[in-house]
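What follows is a short report on a single structure.
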Amino acid sequence: MPATVQARTRVRERAFVPTLLAIGMVVSVISSLGAPLIPTIAHDMHASLSATQWSLTATLLVGAVASPLVGRLGDGPHRRRVLLCCLALVTLGGAVAALAGSLSVLVLGRALQGVGLALMPLTMASARDHLPPERAGGVIALLSVIAAVGVGLGYPITGFIAEHADASAAFWFGAFAGAAAFVVAAAFVPGPSSTDHRAGLDVRGAALVGGGVLALLLALEKGSDWGWSAASTLGLLVLAVVLLALWTLNELRVEHPLVELRLVRRRAVLTANVTGLVLGISMYLGISLVTQIVQLPSGMHETVFVAGLTLLPLSALSTASSRLLPRVRAHTGARATIPIGATVIAVAMLFFALTGDALWQAFVMMGLVGLGLGFTFAAMPGLIVGSVPRHETSSAMSFYQVTRYVGFSVGSGLAVTLLRAFDGDAAVPTTSAYDKTFAVGGALCLAAAAVAWMLPGGALPSAPAGAGDERAVEEGELAAAGLPLLEDD
């Protein structure tokens, strides 16, 4: 082999892992660009907070639908092509959002950026495919940490850029970051070593579940304006029920479903998905509201940058607490882990609902929320994997991933719906409306804790002796869902 070719090969090999980490950081940051800018965009575009909230909800909804589809497309010979196409869509979405002259165009751009939420499984699969087993586990773990850190960093980065320029500059940053990730991915990420494609695409299932959740969110968002008994509101609710019912039938009949609904018969899978859905709703309800109340004149009247900083404790403590799970589990037992985490989140939200008039309280609340999320979201994958056969692990984790992202999108939309319900037709919600909405979020977390306690699914798994390779693959499947890896003592 010529020396120049060998040198290029060595450069590609050395750049491979940094490239995967850069892609993971970029898509994690971009996915969180919208939330701190909601009050600013609402002011600049003369739109209501409820309408502007769709700049976040659309991103999460697309991520919920796209993640299993992109995962299936990338699970074969087209992984590199799918990765590049998704990064191109993320870049295009940033440019569309930056140039948007209306809220509808902005939401379209943010929806395109939502494809980025589906890319973490591809980067982790690529690491597992091209690195030796002893190194792949560490890189996958680092990618899972970056997924959490990137979300927390996205808020202050967005706020800093918007504070010194304008909201469009933050979206231009996302476009340029996406373009840079595309370039390095094209240069340094190889195609998969395997050319087998193992599963088909359930496009019809994706369309049905996406349409059903969208109809539900529209009904929740517009119900206050149209009236909850209005024909348009009831029509959307009926449409949501019909589409979700058709989706259920489709998933039970199609050969390669988007998610395997039959797994719900397993109590552990049911527990993880119900609690994951409810906690996902509460998490994004809290994230959406705290970044608003910190900025609003009727709240703390801080800058968008300061509002973004309030999310750093969530990112840091969720990552740290997930690593403490084995110790907590050893002292409390597997059954109590998720209820304890959900209760911590409930306490955090109820604390802010009763106080919520000082910046330090916002930091404390988000730190406690991160602490609880680290325990719960780290425990749920182990609960699922420990209760399903190995050949069903991928389907079970796909189901959980869709449920979690749907919870995120519903939480984002529900935040504004509750504010309007508590404040009527007020142009700017009062602090009382925010307090009541945080209290609802706390009550939802207590309900999740009760569900997790009453529907135990068995013990969390431990790695069997002599099964290192099998455990590494299993951890890769967990991380491919964008979740923290579980470590045993």
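Convention: chains lettered A, B, ... in structure tokens order; per-chain residue numbering from 1; ligands numbered from 1 as shown.
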Per-residue nearest contacts of segment 115-230 of chain A to segment 89-98 of chain A (12 Å; only C-alpha atoms) as a tab-separated table:
```
residue	atom	partner	partner_atom	distance
A:Val115	CA	A:Val90	CA	6.5
A:Gly116	CA	A:Val90	CA	6.0
A:Leu117	CA	A:Val90	CA	9.7
A:Ala118	CA	A:Val90	CA	10.8
A:Leu119	CA	A:Val90	CA	10.3
A:Ala162	CA	A:Ala98	CA	11.7
A:Asp166	CA	A:Ala98	CA	9.9
A:Ala167	CA	A:Ala98	CA	7.7
A:Ser168	CA	A:Ala98	CA	4.4
A:Ala169	CA	A:Ala98	CA	6.8
A:Ala170	CA	A:Ala98	CA	7.7
A:Phe171	CA	A:Ala98	CA	5.0
A:Trp172	CA	A:Ala98	CA	5.6
A:Phe173	CA	A:Gly94	CA	7.8
A:Gly174	CA	A:Gly94	CA	5.4
A:Ala175	CA	A:Gly94	CA	4.3
A:Phe176	CA	A:Thr91	CA	7.0
A:Ala177	CA	A:Thr91	CA	7.7
A:Gly178	CA	A:Thr91	CA	4.7
A:Ala179	CA	A:Thr91	CA	5.6
A:Ala180	CA	A:Thr91	CA	9.1
A:Ala181	CA	A:Thr91	CA	9.1
A:Phe182	CA	A:Thr91	CA	8.4
A:Val183	CA	A:Thr91	CA	11.2
```
Neighbouring residues of segment 416-424 of chain A were defined as those with any atom within 8 Å, considering only C-alpha atoms; residues of the same chain fewer than 2 positions away were excluded. Please report them as a VMD selection string.
chain A and resid 49 to 50 53 220 to 221 224 412 to 414 426 429 to 430 433 to 434 436 to 437
Written selection (N, CA and C atoms) as a tab-separated table (two decimals), in the first residue's frame:
```
chain	number	residue	atom	x	y	z
A	49	LEU	N	-47.61	32.98	22.94
A	49	LEU	CA	-46.69	31.97	23.45
A	49	LEU	C	-47.14	30.56	23.06
A	50	SER	N	-48.46	30.34	23.05
A	50	SER	CA	-48.97	29.01	22.71
A	50	SER	C	-48.64	28.64	21.27
A	53	GLN	N	-44.86	28.01	20.87
A	53	GLN	CA	-44.42	26.77	21.48
A	53	GLN	C	-44.25	25.66	20.45
A	220	LEU	N	-55.50	20.15	21.85
A	220	LEU	CA	-55.14	20.69	23.16
A	220	LEU	C	-54.76	22.16	23.06
A	221	GLU	N	-54.06	22.52	21.99
A	221	GLU	CA	-53.58	23.90	21.85
A	221	GLU	C	-54.69	24.87	21.46
A	224	SER	N	-58.80	26.01	23.85
A	224	SER	CA	-59.16	27.21	24.61
A	224	SER	C	-59.74	28.29	23.71
A	412	SER	N	-44.50	19.45	25.87
A	412	SER	CA	-44.27	20.78	25.32
A	412	SER	C	-45.60	21.46	24.98
A	413	GLY	N	-46.52	20.72	24.35
A	413	GLY	CA	-47.81	21.31	24.00
A	413	GLY	C	-48.71	21.51	25.21
A	414	LEU	N	-48.66	20.57	26.16
A	414	LEU	CA	-49.52	20.65	27.33
A	414	LEU	C	-49.16	21.83	28.22
A	426	ALA	N	-55.59	35.75	28.96
A	426	ALA	CA	-54.53	36.71	29.22
A	426	ALA	C	-53.44	36.60	28.16
A	429	PRO	N	-49.26	35.05	30.46
A	429	PRO	CA	-49.69	34.32	31.66
A	429	PRO	C	-49.11	34.93	32.94
A	430	THR	N	-49.86	34.86	34.01
A	430	THR	CA	-49.40	35.36	35.30
A	430	THR	C	-48.54	34.30	35.99
A	433	ALA	N	-50.51	31.29	37.17
A	433	ALA	CA	-50.77	30.24	36.18
A	433	ALA	C	-49.57	29.30	36.06
A	434	TYR	N	-48.36	29.86	36.11
A	434	TYR	CA	-47.16	29.03	36.06
A	434	TYR	C	-47.08	28.13	37.30
A	436	LYS	N	-49.50	26.96	39.16
A	436	LYS	CA	-50.49	25.90	39.07
A	436	LYS	C	-50.07	24.83	38.05
A	437	THR	N	-49.44	25.26	36.96
A	437	THR	CA	-49.01	24.31	35.94
A	437	THR	C	-47.86	23.45	36.45
```
May I ask which of the residues A:Pro77, A:Pro18, A:Gly367, A:Gly63 is the closest one to Val139 of chain A, counting only C-alpha atoms?
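For Val139 of chain A, the nearest of the candidates is A:Pro18.
Nearest to Val269 of chain A of all the residues A:Val388, A:Val27, A:Ala448, A:Leu83 is A:Val388, based on only C-alpha atoms.
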DSSP helix (DSSP H, G or I) residues within segment 82-303 of chain A, as a ChimeraX atom specification
/A:82-99,103-118,120-130,133-164,167-188,203-226,231-253,261-265,267-293
Contact residues around Phe351 of chain A with only C-alpha atoms at 10 Å, ignoring same-chain residues under 4 positions, as a count of residues only
13
Could you jot down the atom CA of Glu163 of chain A to atom CA of Gln292 of chain A separation for me, Å, one decimal place?
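These atoms are spaced 14.9 Å apart.
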Within 9 Å of segment 297-305 of chain A, counting only C-alpha atoms, which residues qualify if same-chain residues fewer than 3 places away don't, as a PyMOL selection string?
chain A and resi 36-37+39-40+155-163+291-294+308-309+356-359+428-431
What's around segment 106-108 of chain A at 9 Å? Count only C-alpha atoms, leave out sequence neighbours fewer than 5 positions away in its own chain, and write the answer as JSON, numbers by chain.
{"A": [52, 54, 55, 56, 57, 58, 59, 93, 96, 97, 98, 99, 100, 101, 113]}
Rounded to one decimal place, report the atom CA of Met124 of chain A-atom CA of Leu311 of chain A distance in Å.
25.2 Å
I want to know what sits within 8 Å of Glu260 of chain A, based on only C-alpha atoms, with residues of the same chain fewer than 6 positions away left out; could you give that as a list in words?
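Listing them by chain and then by number gives Glu251, Leu252, Ser395, Ala396 and Phe399 of chain A.
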Exercise: Lys222 of chain A partners within 9 Å, only C-alpha atoms, chain neighbours under 4 positions left out, as a PyMOL selection string:
chain A and resi 50+217-218+226-228+233+417
I need the residues from that last selection saved to file as a CSV table (one decimal), in the first residue's frame (with N, CA, C and O atoms), if you can.
```csv
chain,number,residue,atom,x,y,z
A,50,SER,N,-48.5,30.3,23.0
A,50,SER,CA,-49.0,29.0,22.7
A,50,SER,C,-48.6,28.6,21.3
A,50,SER,O,-48.3,27.5,21.0
A,217,LEU,N,-52.4,17.1,19.8
A,217,LEU,CA,-51.7,18.4,20.2
A,217,LEU,C,-52.5,19.6,19.7
A,217,LEU,O,-52.6,20.6,20.4
A,218,LEU,N,-52.9,19.6,18.5
A,218,LEU,CA,-53.7,20.7,17.9
A,218,LEU,C,-55.0,20.9,18.7
A,218,LEU,O,-55.3,22.1,19.0
A,226,TRP,N,-61.2,27.8,20.5
A,226,TRP,CA,-62.4,27.3,19.8
A,226,TRP,C,-63.5,26.9,20.7
A,226,TRP,O,-64.7,27.0,20.4
A,227,GLY,N,-63.1,26.6,22.0
A,227,GLY,CA,-64.1,26.0,22.9
A,227,GLY,C,-64.0,24.5,22.9
A,227,GLY,O,-63.9,23.9,21.9
A,228,TRP,N,-64.0,23.9,24.1
A,228,TRP,CA,-63.7,22.5,24.2
A,228,TRP,C,-64.9,21.6,23.7
A,228,TRP,O,-64.7,20.5,23.4
A,233,THR,N,-62.8,21.3,17.7
A,233,THR,CA,-62.0,20.7,18.7
A,233,THR,C,-62.4,19.2,18.9
A,233,THR,O,-61.5,18.3,18.9
A,417,THR,N,-51.1,24.7,27.0
A,417,THR,CA,-52.6,24.5,27.2
A,417,THR,C,-53.0,24.7,28.7
A,417,THR,O,-54.0,25.3,28.9
```
